[in-house]
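Below: one structure, written as structure tokens.
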Amino acid sequence: MTSGRLEQRFAKLKSIGRPGLITFVTAGDPAEDACSSILQGLPSAGADIIELGMPFTDPMADGPAIQAASVRALKAGATMHSTLSLVRNFRATDTSTPVVLMGYFNPIFVYGRDRFIQDAIASGVDGLIVVDLPPEEDEELCLPAKQSGLDFIRLATPTTDDVRLQQILPNASGFLYYVSVTGITGDKSPDANTVQIAVERLRQHTKLPIAVGFGIRNSEQAYAIASFSDAVVVGSAIVDQIKSDLDKMDSRNPKLIKNVLDLVKTLASGVQKTTAPS
Amino acid sequence: MSVQKTNSYKLGPDEKGYFGPYGGRFVAETLMPLVLELENAYENAKNDPKFANEIINYGKHYIGRPSPLYEAKRLTKHFGGAKVFFKRDELNHTGSHKINNCIGQILLARRMGKTRIIAETGAGQHGVAAATVAAHFDMPCVVYMGEIDIERQKPNVFRMKLLGAEVRPVTSGSRTLKDALNEALRDWVTNVSDTFYIIGTAAGPHPYPAMVRDFQSVIGTEARDQILEAEGRLPDTAIACIGGGSNAMGLFYPFLDDKSVSLVGVEAAGRGTNSGDHAASISAGSPGVLHGNRTYLLQDQDGQIKEAHSISAGLDYPGVGPEHAWLADAGRVTYASVTDKEALEAFRLCSRLEGIIPALEPAHALAHVSKTAGMLPKDHIILMNLCGRGDKDIFTVAEALGDRL
């Protein structure tokens, strides 16, 4: 059994009749205390689901913004332990907003797979996105995580044809994350029409909610994508906002947290203008 | 399949790309269809005699194969023990073994209809080899190279530019080979339809480790025949340096089932394996997942990748090919390490005694030979892969020795 939070959240969005906003921040960026405050503020700023990055030195599928966020977090002392404790603290005040951990396999593998699954569930994590674990490596984490009650969120991409989709979907759960462009996070912006065609194709194969991410940076783009998807993911734009409130010595603008949450409010207004796809 | 074959070390990888627990395909979903396409294309090419003939032809007329087997008599005398032979892959066109693999991969790229080449490079030897074959086949080529490596391997950067390649400096992370690999993977994930990624070492997602090993195995296959002809028997020890491990896999693979042949891989100990500044992933690392495969890595307790250090840019990598990880666990290959200082001494010794300036990478292998040969009997045969020449390293060596050029 999963925590049910992702399922409930998508059901709720459907009943209100609008798509959701998924916000990405890296755990411990720019430091644990500030990240904790950002997390606490995200739901009321309009985040429907929180995607929390597990910092890694070598994020191969991410662009410079998210890699820099990992570097800042690690420099500030982030570890898997502190990432999970951020989730635990968040759960103390919010029991309904789903939290999905996103990252790369090595920190999980080194932490110990079974211990990770156990500690993630105990901390209040609902799902996992592990970029470098394709279905071919399902035995590494996907199957045991699902068995223990964590949703395992799969990525579909512009290179995913119908044949490949049959590999991806069987163990997918929570939602399907459509990577809107070939490339890295925060790089090119997607063409809404092309993405719409792709999402409609995916819907013929799955009943899972479909979230769209990569390259969505402002409320206009969020609005355009939200009109045909169940949720929109914004990451690099938020992470860039954090960076712009840090000086060269990583000293914080006192308004950093407020500025990040204000950006999320703007993005949420773009998403909330739309009504959910029927 | 014959009965003895079941005990063979040459059967890997399995159909999922694993050598025991190492290897695999740990890549982003965007790349997965490309990796599968590559695997199919390679399986298909492997069984096509035309492809094999093309490689043999380019080996002979373009690379200059077979490379000679050379008895290093003055070094043998100097060490006062085992008889030392060099496999002279530094005499290949472009000056190292890297070209063997690049020819194989670009011929495959052409079969697949790809029109653009990308590569990563550390010392620049692989970058030069990739740029060379791209020039030969008239394909645009982008080489990713860490900013620090660009600084310490200037001659190779210029060579790549002369060959028409674009060298893109990598400024993220440690700004060396590890980060160049990240950037090349990012390029590949962005340019999926036309681009072929020529990985330079026996690492990365399946089928790269097996494919690179196969293309480099010409080294060991030739050397095995040559030593049989010269000495009437197999060597007692075969030695090669290890960064990612492509020259070593190429030398070792044809000897894996020759039980009488000890195989020794030499990693870079940098300032010493206890100093924290080294690149000895097997001797001083632990298993983890990076760049598409599970293998031994230099990492901290939280699974964060550490920066490697070696005076040799080609060995300055915090991981190693998965087949080496498996051979280490299986005990078939012994992995040793030598420091920057020891490699420098071997570099000078080889230059003075044999009139051969080796690259800093095989100078590590030679340093291990120099530590062990004197203790071995005179009828002991050591076969060492001299996988690259040292012209590219003269600035680094001059600086380390305090000379001004």
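So you can find residues: chains in the structure tokens are A, B, ... in the order shown, residues in each start at 1, and ligands are numbered from 1 in order.
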
Considering only C-alpha atoms, return as an mmCIF file with all heavy atoms, in the first residue's frame whatever protein or nucleic-acid residues lie within 12 Å of Gly64 of chain B, sequence-local ones (same chain, fewer than 6 positions apart) excluded.
```cif
data_model
loop_
_atom_site.group_PDB
_atom_site.id
_atom_site.type_symbol
_atom_site.label_atom_id
_atom_site.label_comp_id
_atom_site.auth_asym_id
_atom_site.auth_seq_id
_atom_site.Cartn_x
_atom_site.Cartn_y
_atom_site.Cartn_z
ATOM 1 N N ILE B 55 37.615 -3.137 -40.512
ATOM 2 C CA ILE B 55 38.453 -2.802 -39.362
ATOM 3 C C ILE B 55 39.894 -3.268 -39.588
ATOM 4 O O ILE B 55 40.850 -2.541 -39.307
ATOM 5 C CB ILE B 55 37.863 -3.416 -38.071
ATOM 6 C CG1 ILE B 55 36.587 -2.649 -37.717
ATOM 7 C CG2 ILE B 55 38.867 -3.363 -36.920
ATOM 8 C CD1 ILE B 55 35.907 -3.111 -36.466
ATOM 9 N N ILE B 56 40.040 -4.461 -40.122
ATOM 10 C CA ILE B 56 41.389 -4.991 -40.388
ATOM 11 C C ILE B 56 42.115 -4.095 -41.394
ATOM 12 O O ILE B 56 43.291 -3.756 -41.218
ATOM 13 C CB ILE B 56 41.308 -6.447 -40.900
ATOM 14 C CG1 ILE B 56 40.872 -7.364 -39.746
ATOM 15 C CG2 ILE B 56 42.650 -6.904 -41.475
ATOM 16 C CD1 ILE B 56 40.492 -8.763 -40.175
ATOM 17 N N ASN B 57 41.382 -3.681 -42.429
ATOM 18 C CA ASN B 57 41.975 -2.822 -43.449
ATOM 19 C C ASN B 57 42.429 -1.478 -42.900
ATOM 20 O O ASN B 57 43.531 -1.021 -43.185
ATOM 21 C CB ASN B 57 40.954 -2.566 -44.559
ATOM 22 C CG ASN B 57 41.269 -3.396 -45.772
ATOM 23 O OD1 ASN B 57 42.431 -3.457 -46.175
ATOM 24 N ND2 ASN B 57 40.264 -4.054 -46.308
ATOM 25 N N TYR B 58 41.552 -0.843 -42.145
ATOM 26 C CA TYR B 58 41.942 0.438 -41.544
ATOM 27 C C TYR B 58 43.078 0.239 -40.546
ATOM 28 O O TYR B 58 43.978 1.076 -40.433
ATOM 29 C CB TYR B 58 40.738 1.117 -40.868
ATOM 30 C CG TYR B 58 39.944 1.936 -41.857
ATOM 31 C CD1 TYR B 58 38.780 1.430 -42.414
ATOM 32 C CD2 TYR B 58 40.389 3.196 -42.251
ATOM 33 C CE1 TYR B 58 38.060 2.166 -43.343
ATOM 34 C CE2 TYR B 58 39.683 3.935 -43.181
ATOM 35 C CZ TYR B 58 38.519 3.423 -43.719
ATOM 36 O OH TYR B 58 37.821 4.159 -44.639
ATOM 37 N N ARG B 88 54.160 -2.057 -28.676
ATOM 38 C CA ARG B 88 54.388 -0.657 -29.050
ATOM 39 C C ARG B 88 53.138 0.019 -29.636
ATOM 40 O O ARG B 88 53.175 0.511 -30.766
ATOM 41 C CB ARG B 88 55.547 -0.589 -30.051
ATOM 42 C CG ARG B 88 56.874 -1.164 -29.557
ATOM 43 C CD ARG B 88 57.600 -0.227 -28.616
ATOM 44 N NE ARG B 88 57.796 1.110 -29.135
ATOM 45 C CZ ARG B 88 58.844 1.511 -29.863
ATOM 46 N NH1 ARG B 88 59.802 0.668 -30.171
ATOM 47 N NH2 ARG B 88 58.942 2.754 -30.264
ATOM 48 N N ASP B 89 52.083 0.117 -28.851
ATOM 49 C CA ASP B 89 50.898 0.786 -29.387
ATOM 50 C C ASP B 89 51.041 2.304 -29.415
ATOM 51 O O ASP B 89 50.180 3.007 -29.939
ATOM 52 C CB ASP B 89 49.614 0.342 -28.669
ATOM 53 C CG ASP B 89 48.774 -0.580 -29.545
ATOM 54 O OD1 ASP B 89 49.339 -1.583 -30.037
ATOM 55 O OD2 ASP B 89 47.582 -0.280 -29.784
ATOM 56 N N GLU B 90 52.164 2.786 -28.877
ATOM 57 C CA GLU B 90 52.425 4.236 -28.997
ATOM 58 C C GLU B 90 52.840 4.592 -30.433
ATOM 59 O O GLU B 90 52.835 5.764 -30.797
ATOM 60 C CB GLU B 90 53.463 4.671 -27.954
ATOM 61 C CG GLU B 90 54.886 4.912 -28.442
ATOM 62 C CD GLU B 90 55.698 3.633 -28.681
ATOM 63 O OE1 GLU B 90 55.127 2.523 -28.665
ATOM 64 O OE2 GLU B 90 56.921 3.752 -28.889
ATOM 65 N N LEU B 91 53.184 3.567 -31.233
ATOM 66 C CA LEU B 91 53.567 3.841 -32.617
ATOM 67 C C LEU B 91 52.371 3.947 -33.562
ATOM 68 O O LEU B 91 52.528 4.276 -34.734
ATOM 69 C CB LEU B 91 54.530 2.751 -33.125
ATOM 70 C CG LEU B 91 55.909 2.776 -32.474
ATOM 71 C CD1 LEU B 91 56.736 1.589 -32.966
ATOM 72 C CD2 LEU B 91 56.632 4.083 -32.756
ATOM 73 N N ASN B 92 51.188 3.678 -33.036
ATOM 74 C CA ASN B 92 49.992 3.835 -33.879
ATOM 75 C C ASN B 92 49.873 5.255 -34.390
ATOM 76 O O ASN B 92 50.288 6.208 -33.724
ATOM 77 C CB ASN B 92 48.710 3.575 -33.061
ATOM 78 C CG ASN B 92 48.587 2.138 -32.615
ATOM 79 O OD1 ASN B 92 49.229 1.262 -33.161
ATOM 80 N ND2 ASN B 92 47.766 1.922 -31.601
ATOM 81 N N HIS B 93 49.217 5.390 -35.517
ATOM 82 C CA HIS B 93 48.772 6.712 -35.966
ATOM 83 C C HIS B 93 48.039 7.392 -34.812
ATOM 84 O O HIS B 93 47.248 6.760 -34.130
ATOM 85 C CB HIS B 93 47.840 6.526 -37.172
ATOM 86 C CG HIS B 93 47.288 7.803 -37.707
ATOM 87 N ND1 HIS B 93 48.059 8.935 -37.858
ATOM 88 C CD2 HIS B 93 46.034 8.132 -38.125
ATOM 89 C CE1 HIS B 93 47.304 9.912 -38.348
ATOM 90 N NE2 HIS B 93 46.072 9.449 -38.506
ATOM 91 N N THR B 94 48.321 8.640 -34.597
ATOM 92 C CA THR B 94 47.823 9.503 -33.505
ATOM 93 C C THR B 94 48.513 9.251 -32.162
ATOM 94 O O THR B 94 48.259 9.941 -31.199
ATOM 95 C CB THR B 94 46.279 9.467 -33.289
ATOM 96 O OG1 THR B 94 45.913 8.229 -32.682
ATOM 97 C CG2 THR B 94 45.501 9.679 -34.570
ATOM 98 N N GLY B 95 49.367 8.253 -32.083
ATOM 99 C CA GLY B 95 50.242 8.152 -30.906
ATOM 100 C C GLY B 95 49.724 7.408 -29.700
ATOM 101 O O GLY B 95 50.326 7.487 -28.625
ATOM 102 N N SER B 96 48.639 6.687 -29.845
ATOM 103 C CA SER B 96 48.204 5.860 -28.716
ATOM 104 C C SER B 96 47.262 4.774 -29.202
ATOM 105 O O SER B 96 46.897 4.720 -30.377
ATOM 106 C CB SER B 96 47.495 6.704 -27.655
ATOM 107 O OG SER B 96 46.141 6.920 -28.016
ATOM 108 N N HIS B 97 46.840 3.928 -28.261
ATOM 109 C CA HIS B 97 45.914 2.837 -28.592
ATOM 110 C C HIS B 97 44.509 3.341 -28.891
ATOM 111 O O HIS B 97 43.683 2.593 -29.394
ATOM 112 C CB HIS B 97 45.851 1.849 -27.426
ATOM 113 C CG HIS B 97 45.154 2.404 -26.221
ATOM 114 N ND1 HIS B 97 45.691 3.413 -25.456
ATOM 115 C CD2 HIS B 97 43.938 2.121 -25.679
ATOM 116 C CE1 HIS B 97 44.850 3.710 -24.484
ATOM 117 N NE2 HIS B 97 43.772 2.952 -24.589
ATOM 118 N N ILE B 99 43.090 5.055 -31.051
ATOM 119 C CA ILE B 99 42.619 5.015 -32.434
ATOM 120 C C ILE B 99 41.976 3.665 -32.782
ATOM 121 O O ILE B 99 41.059 3.602 -33.601
ATOM 122 C CB ILE B 99 43.785 5.353 -33.411
ATOM 123 C CG1 ILE B 99 43.289 5.553 -34.839
ATOM 124 C CG2 ILE B 99 44.856 4.282 -33.380
ATOM 125 C CD1 ILE B 99 42.833 6.928 -35.156
ATOM 126 N N ASN B 100 42.439 2.575 -32.152
ATOM 127 C CA ASN B 100 41.853 1.248 -32.434
ATOM 128 C C ASN B 100 40.341 1.270 -32.224
ATOM 129 O O ASN B 100 39.561 0.757 -33.026
ATOM 130 C CB ASN B 100 42.427 0.178 -31.488
ATOM 131 C CG ASN B 100 43.935 0.063 -31.573
ATOM 132 O OD1 ASN B 100 44.508 0.272 -32.629
ATOM 133 N ND2 ASN B 100 44.576 -0.260 -30.453
#
```

Checklist entry - What are the DSSP alpha helix (DSSP H) residues of segment 79-129 of chain A, as JSON, numbers by chain? => result {"A": [80, 81, 82, 83, 84, 85, 86, 87, 88, 89, 90, 91, 92, 93, 105, 106, 107, 108, 109, 110, 111, 113, 114, 115, 116, 117, 118, 119, 120, 121, 122, 123]}

Could you write out that same residue set with N, CA, C and O atoms as a short mmCIF file (atom, residue, chain, number, x, y, z; two decimals), in the first residue's frame?
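Output file part.cif follows:
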```cif
data_model
loop_
_atom_site.label_atom_id
_atom_site.label_comp_id
_atom_site.auth_asym_id
_atom_site.auth_seq_id
_atom_site.Cartn_x
_atom_site.Cartn_y
_atom_site.Cartn_z
N MET A 80 22.18 12.40 2.55
CA MET A 80 20.89 11.72 2.42
C MET A 80 20.11 11.83 3.73
O MET A 80 18.89 12.01 3.74
N HIS A 81 20.84 11.74 4.82
CA HIS A 81 20.21 11.85 6.15
C HIS A 81 19.51 13.21 6.30
O HIS A 81 18.36 13.29 6.73
N SER A 82 20.19 14.29 5.89
CA SER A 82 19.57 15.61 6.06
C SER A 82 18.41 15.81 5.08
O SER A 82 17.44 16.49 5.39
N THR A 83 18.51 15.19 3.91
CA THR A 83 17.40 15.25 2.95
C THR A 83 16.14 14.63 3.56
O THR A 83 15.05 15.20 3.53
N LEU A 84 16.32 13.45 4.16
CA LEU A 84 15.17 12.77 4.74
C LEU A 84 14.64 13.53 5.95
O LEU A 84 13.43 13.57 6.19
N SER A 85 15.53 14.18 6.68
CA SER A 85 15.04 14.91 7.85
C SER A 85 14.27 16.17 7.43
O SER A 85 13.35 16.60 8.13
N LEU A 86 14.61 16.74 6.26
CA LEU A 86 13.81 17.85 5.72
C LEU A 86 12.37 17.39 5.46
O LEU A 86 11.41 18.10 5.75
N VAL A 87 12.25 16.19 4.91
CA VAL A 87 10.91 15.67 4.64
C VAL A 87 10.16 15.42 5.95
O VAL A 87 8.98 15.77 6.09
N ARG A 88 10.87 14.87 6.91
CA ARG A 88 10.25 14.59 8.22
C ARG A 88 9.72 15.88 8.85
O ARG A 88 8.60 15.94 9.35
N ASN A 89 10.54 16.94 8.80
CA ASN A 89 10.10 18.23 9.37
C ASN A 89 8.90 18.77 8.62
O ASN A 89 7.98 19.33 9.23
N PHE A 90 8.93 18.63 7.31
CA PHE A 90 7.82 19.11 6.50
C PHE A 90 6.53 18.37 6.88
O PHE A 90 5.48 18.99 7.07
N ARG A 91 6.65 17.09 7.06
CA ARG A 91 5.48 16.26 7.39
C ARG A 91 4.88 16.60 8.75
O ARG A 91 3.70 16.34 9.01
N ALA A 92 5.69 17.19 9.63
CA ALA A 92 5.19 17.56 10.96
C ALA A 92 4.08 18.61 10.84
O ALA A 92 3.20 18.71 11.70
N THR A 93 4.12 19.40 9.76
CA THR A 93 3.10 20.45 9.62
C THR A 93 2.18 20.21 8.43
O THR A 93 1.17 20.88 8.29
N PHE A 105 20.94 7.32 -8.76
CA PHE A 105 20.94 6.10 -7.97
C PHE A 105 22.09 6.00 -6.97
O PHE A 105 21.93 5.43 -5.89
N ASN A 106 23.26 6.55 -7.29
CA ASN A 106 24.41 6.24 -6.45
C ASN A 106 24.25 6.59 -4.97
O ASN A 106 24.56 5.75 -4.12
N PRO A 107 23.76 7.80 -4.63
CA PRO A 107 23.60 8.09 -3.19
C PRO A 107 22.64 7.11 -2.50
O PRO A 107 22.82 6.80 -1.31
N ILE A 108 21.65 6.59 -3.24
CA ILE A 108 20.71 5.62 -2.66
C ILE A 108 21.41 4.27 -2.48
O ILE A 108 21.32 3.63 -1.44
N PHE A 109 22.14 3.88 -3.52
CA PHE A 109 22.86 2.60 -3.50
C PHE A 109 23.86 2.56 -2.34
O PHE A 109 23.97 1.56 -1.63
N VAL A 110 24.56 3.69 -2.13
CA VAL A 110 25.58 3.73 -1.08
C VAL A 110 24.92 3.82 0.31
O VAL A 110 25.41 3.23 1.27
N TYR A 111 23.80 4.53 0.40
CA TYR A 111 23.05 4.59 1.67
C TYR A 111 22.56 3.19 2.04
O TYR A 111 22.44 2.85 3.22
N ARG A 113 20.01 0.23 -0.19
CA ARG A 113 18.69 0.29 -0.79
C ARG A 113 17.56 0.06 0.23
O ARG A 113 16.63 0.85 0.33
N ASP A 114 17.66 -1.02 0.99
CA ASP A 114 16.54 -1.37 1.87
C ASP A 114 16.39 -0.35 2.99
O ASP A 114 15.29 0.04 3.36
N ARG A 115 17.52 0.10 3.50
CA ARG A 115 17.50 1.12 4.56
C ARG A 115 16.90 2.42 4.01
O ARG A 115 16.13 3.10 4.68
N PHE A 116 17.26 2.73 2.76
CA PHE A 116 16.73 3.95 2.13
C PHE A 116 15.20 3.88 2.01
O PHE A 116 14.49 4.82 2.37
N ILE A 117 14.70 2.75 1.51
CA ILE A 117 13.25 2.61 1.32
C ILE A 117 12.53 2.77 2.67
O ILE A 117 11.57 3.52 2.79
N GLN A 118 13.06 2.09 3.66
CA GLN A 118 12.47 2.12 5.00
C GLN A 118 12.48 3.55 5.57
O GLN A 118 11.46 4.05 6.04
N ASP A 119 13.64 4.21 5.48
CA ASP A 119 13.77 5.56 6.05
C ASP A 119 12.96 6.59 5.27
O ASP A 119 12.42 7.53 5.85
N ALA A 120 12.87 6.40 3.95
CA ALA A 120 12.10 7.34 3.14
C ALA A 120 10.62 7.25 3.52
O ALA A 120 9.96 8.28 3.72
N ILE A 121 10.12 6.04 3.65
CA ILE A 121 8.71 5.87 4.03
C ILE A 121 8.46 6.44 5.42
O ILE A 121 7.51 7.20 5.65
N ALA A 122 9.37 6.13 6.34
CA ALA A 122 9.20 6.62 7.72
C ALA A 122 9.24 8.15 7.76
O ALA A 122 8.62 8.78 8.63
N SER A 123 9.95 8.78 6.82
CA SER A 123 10.06 10.24 6.82
C SER A 123 8.86 10.91 6.15
O SER A 123 8.71 12.12 6.22
#
```

What's the 8 Å shell around Tyr144 of chain B, counting only C-alpha atoms, without same-chain residues fewer than 4 positions away, as a short mmCIF file (atom, residue, chain, number, x, y, z; two decimals) with N, CA and C atoms, in the first residue's frame?
```cif
data_model
loop_
_atom_site.label_atom_id
_atom_site.label_comp_id
_atom_site.auth_asym_id
_atom_site.auth_seq_id
_atom_site.Cartn_x
_atom_site.Cartn_y
_atom_site.Cartn_z
N ILE B 118 30.48 12.93 -31.18
CA ILE B 118 30.94 13.60 -29.96
C ILE B 118 31.85 12.64 -29.20
N ALA B 119 32.72 13.22 -28.39
CA ALA B 119 33.63 12.41 -27.59
C ALA B 119 34.02 13.20 -26.35
N GLU B 120 34.46 12.48 -25.32
CA GLU B 120 35.04 13.12 -24.14
C GLU B 120 36.53 12.84 -24.18
N THR B 121 37.30 13.66 -23.53
CA THR B 121 38.72 13.30 -23.47
C THR B 121 39.35 13.83 -22.19
N VAL B 167 36.70 21.84 -29.75
CA VAL B 167 36.97 21.42 -28.38
C VAL B 167 36.17 22.31 -27.44
N ARG B 168 35.20 21.70 -26.74
CA ARG B 168 34.38 22.50 -25.82
C ARG B 168 34.87 22.33 -24.40
N PRO B 169 35.35 23.44 -23.79
CA PRO B 169 35.85 23.35 -22.42
C PRO B 169 34.72 23.06 -21.43
N VAL B 170 34.99 22.19 -20.49
CA VAL B 170 34.00 21.84 -19.47
C VAL B 170 34.40 22.51 -18.17
N ALA B 180 33.87 15.90 -18.23
CA ALA B 180 33.78 15.87 -19.69
C ALA B 180 32.80 14.77 -20.11
N LEU B 181 32.82 13.64 -19.40
CA LEU B 181 31.86 12.56 -19.67
C LEU B 181 30.43 13.03 -19.41
N GLU B 183 29.27 16.04 -19.59
CA GLU B 183 28.86 16.98 -20.63
C GLU B 183 28.59 16.27 -21.95
N ALA B 184 29.39 15.26 -22.26
CA ALA B 184 29.15 14.51 -23.50
C ALA B 184 27.80 13.79 -23.42
#
```

Item to check | Counting only C-alpha atoms, chain B residues within 10 Å of chain A, as a PyMOL selection string | outcome: chain B and resi 16+24-34+172-174+178-179+181-193+286-294+299-307

At a cut-off of 10 Å, using only C-alpha atoms, what residues contact segment 10-22 of chain A? Leave out same-chain residues fewer than 4 positions from it and give the result as a compact mmCIF listing (two decimals) with N, CA and C atoms, in the first residue's frame.
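Heads up, here's the output in selection-v4.txt:
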```txt
# COMPACT_ATOMS: atom_id res chain seq x y z
N ARG A 5 -1.12 9.58 -0.92
CA ARG A 5 -1.17 11.04 -1.07
C ARG A 5 -1.17 11.50 -2.53
N LEU A 6 -0.36 10.82 -3.37
CA LEU A 6 -0.33 11.23 -4.78
C LEU A 6 -1.68 10.98 -5.43
N LEU A 42 5.78 26.27 0.48
CA LEU A 42 5.37 25.91 -0.88
C LEU A 42 3.87 25.60 -1.04
N PRO A 43 3.27 24.81 -0.14
CA PRO A 43 1.85 24.49 -0.37
C PRO A 43 0.97 25.74 -0.41
N GLY A 46 1.11 27.65 -3.56
CA GLY A 46 0.43 27.08 -4.73
C GLY A 46 1.02 25.80 -5.27
N ALA A 47 2.02 25.24 -4.60
CA ALA A 47 2.57 23.97 -5.05
C ALA A 47 1.63 22.84 -4.66
N ASP A 48 1.25 22.03 -5.61
CA ASP A 48 0.35 20.92 -5.30
C ASP A 48 1.13 19.65 -4.94
N ILE A 49 2.31 19.53 -5.51
CA ILE A 49 3.17 18.38 -5.23
C ILE A 49 4.60 18.93 -5.12
N ILE A 50 5.37 18.38 -4.18
CA ILE A 50 6.75 18.85 -4.01
C ILE A 50 7.71 17.77 -4.52
N GLU A 51 8.57 18.20 -5.43
CA GLU A 51 9.63 17.31 -5.91
C GLU A 51 10.91 17.82 -5.25
N PRO A 98 1.88 15.71 -1.36
CA PRO A 98 2.82 14.64 -1.69
C PRO A 98 4.24 15.15 -1.86
N VAL A 99 5.20 14.36 -1.41
CA VAL A 99 6.62 14.68 -1.60
C VAL A 99 7.26 13.54 -2.39
N VAL A 100 7.87 13.93 -3.50
CA VAL A 100 8.54 12.96 -4.36
C VAL A 100 10.03 13.27 -4.34
N GLY A 174 2.00 6.30 -9.52
CA GLY A 174 1.95 7.69 -9.05
C GLY A 174 1.49 8.62 -10.14
N PHE A 175 2.39 8.91 -11.06
CA PHE A 175 2.05 9.63 -12.28
C PHE A 175 3.14 9.33 -13.30
N LEU A 208 -2.63 6.67 -15.91
CA LEU A 208 -1.90 7.45 -14.91
C LEU A 208 -1.99 8.94 -15.24
N PRO A 209 -2.04 9.81 -14.21
CA PRO A 209 -1.94 11.24 -14.49
C PRO A 209 -0.62 11.54 -15.19
N ILE A 210 -0.63 12.54 -16.06
CA ILE A 210 0.59 12.88 -16.80
C ILE A 210 1.06 14.28 -16.41
N ALA A 211 2.28 14.33 -15.90
CA ALA A 211 2.91 15.62 -15.58
C ALA A 211 3.94 15.92 -16.66
N VAL A 212 4.08 17.20 -16.99
CA VAL A 212 5.03 17.58 -18.03
C VAL A 212 6.09 18.50 -17.43
N GLY A 213 7.34 18.23 -17.73
CA GLY A 213 8.41 19.06 -17.20
C GLY A 213 9.56 19.20 -18.18
N ALA A 222 3.73 27.69 -18.40
CA ALA A 222 3.02 26.77 -17.51
C ALA A 222 1.55 26.71 -17.92
N TYR A 223 0.99 27.86 -18.24
CA TYR A 223 -0.41 27.94 -18.65
C TYR A 223 -0.65 27.12 -19.92
N ILE A 225 1.11 24.63 -21.21
CA ILE A 225 1.28 23.19 -21.02
C ILE A 225 0.16 22.61 -20.15
N ALA A 226 -0.26 23.44 -19.17
CA ALA A 226 -1.26 22.95 -18.21
C ALA A 226 -2.60 22.66 -18.88
N SER A 227 -2.85 23.28 -20.03
CA SER A 227 -4.16 23.12 -20.65
C SER A 227 -4.44 21.69 -21.11
N PHE A 228 -3.38 20.89 -21.27
CA PHE A 228 -3.62 19.51 -21.72
C PHE A 228 -2.94 18.47 -20.84
N SER A 229 -2.34 18.90 -19.69
CA SER A 229 -1.67 17.92 -18.84
C SER A 229 -2.30 17.93 -17.44
N ASP A 230 -1.96 16.93 -16.65
CA ASP A 230 -2.52 16.86 -15.31
C ASP A 230 -1.69 17.63 -14.30
N ALA A 231 -0.44 17.90 -14.67
CA ALA A 231 0.40 18.72 -13.79
C ALA A 231 1.59 19.24 -14.59
N VAL A 232 2.14 20.35 -14.13
CA VAL A 232 3.29 20.96 -14.77
C VAL A 232 4.42 21.01 -13.74
N VAL A 233 5.62 20.64 -14.18
CA VAL A 233 6.76 20.63 -13.28
C VAL A 233 7.65 21.83 -13.58
N VAL A 234 7.99 22.61 -12.56
CA VAL A 234 8.93 23.71 -12.73
C VAL A 234 10.09 23.50 -11.76
N GLY A 235 11.31 23.52 -12.29
CA GLY A 235 12.48 23.29 -11.45
C GLY A 235 13.54 24.36 -11.60
N VAL A 264 6.72 31.07 -7.10
CA VAL A 264 5.81 29.92 -7.13
C VAL A 264 4.36 30.39 -7.23
N LEU A 267 3.75 31.27 -10.82
CA LEU A 267 3.63 30.05 -11.63
C LEU A 267 2.29 29.38 -11.37
N ALA A 268 1.88 29.35 -10.09
CA ALA A 268 0.61 28.70 -9.73
C ALA A 268 -0.56 29.42 -10.39
N SER A 269 -0.46 30.74 -10.47
CA SER A 269 -1.57 31.48 -11.09
C SER A 269 -1.71 31.09 -12.56
N GLY A 270 -0.56 30.84 -13.22
CA GLY A 270 -0.60 30.39 -14.62
C GLY A 270 -1.28 29.04 -14.74
N VAL A 271 -0.92 28.13 -13.85
CA VAL A 271 -1.48 26.78 -13.90
C VAL A 271 -2.96 26.81 -13.52
N GLN A 272 -3.29 27.63 -12.52
CA GLN A 272 -4.65 27.59 -11.97
C GLN A 272 -5.68 28.28 -12.87
N LYS A 273 -5.16 29.09 -13.81
CA LYS A 273 -6.06 29.72 -14.78
C LYS A 273 -6.75 28.68 -15.67
N THR A 274 -6.03 27.55 -15.82
CA THR A 274 -6.53 26.56 -16.77
C THR A 274 -7.48 25.60 -16.09
N THR A 275 -8.29 24.97 -16.88
CA THR A 275 -9.10 23.89 -16.34
C THR A 275 -8.49 22.58 -16.78
N ALA A 276 -8.71 21.57 -15.98
CA ALA A 276 -8.08 20.28 -16.25
C ALA A 276 -8.59 19.69 -17.55
N PRO A 277 -7.72 18.89 -18.20
CA PRO A 277 -8.17 18.22 -19.42
C PRO A 277 -9.28 17.25 -19.08
N SER A 278 -10.22 17.10 -19.98
CA SER A 278 -11.35 16.22 -19.66
C SER A 278 -10.94 14.77 -19.85
```

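Surrounding segment 375-386 of chain B within 7 Å are Gly81, Ala82, Lys83, Val84, Phe85, Phe86, Lys87, Arg88, Asp89, Glu90, Pro235, Asp236, Thr237, Ala238, Ile239, Ala240 and Pro362 of chain B, with only C-alpha atoms counted and residues fewer than 4 positions along the same chain left out.
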
Item to check | Shell around Gly200 of chain B at 9 Å using only C-alpha atoms, local window under 6 positions removed, as an NGL selection string | outcome: :B and (98 or 101-102 or 119-121 or 126-127 or 130 or 212 or 244 or 246)

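Here the strand (DSSP E or B) residues in segment 108-188 of chain A, by DSSP on the backbone, are Gly127, Leu128, Ile129, Val130, Asp151, Phe152, Arg154, Leu155, Ala156, Leu176, Tyr177, Tyr178 and Val179 of chain A.
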
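Among the candidate residues B:Thr273, B:Asn47, B:Ser310, B:Gln153, the one lying nearest to Asp340 of chain B is B:Ser310, with distances computed using only C-alpha atoms.
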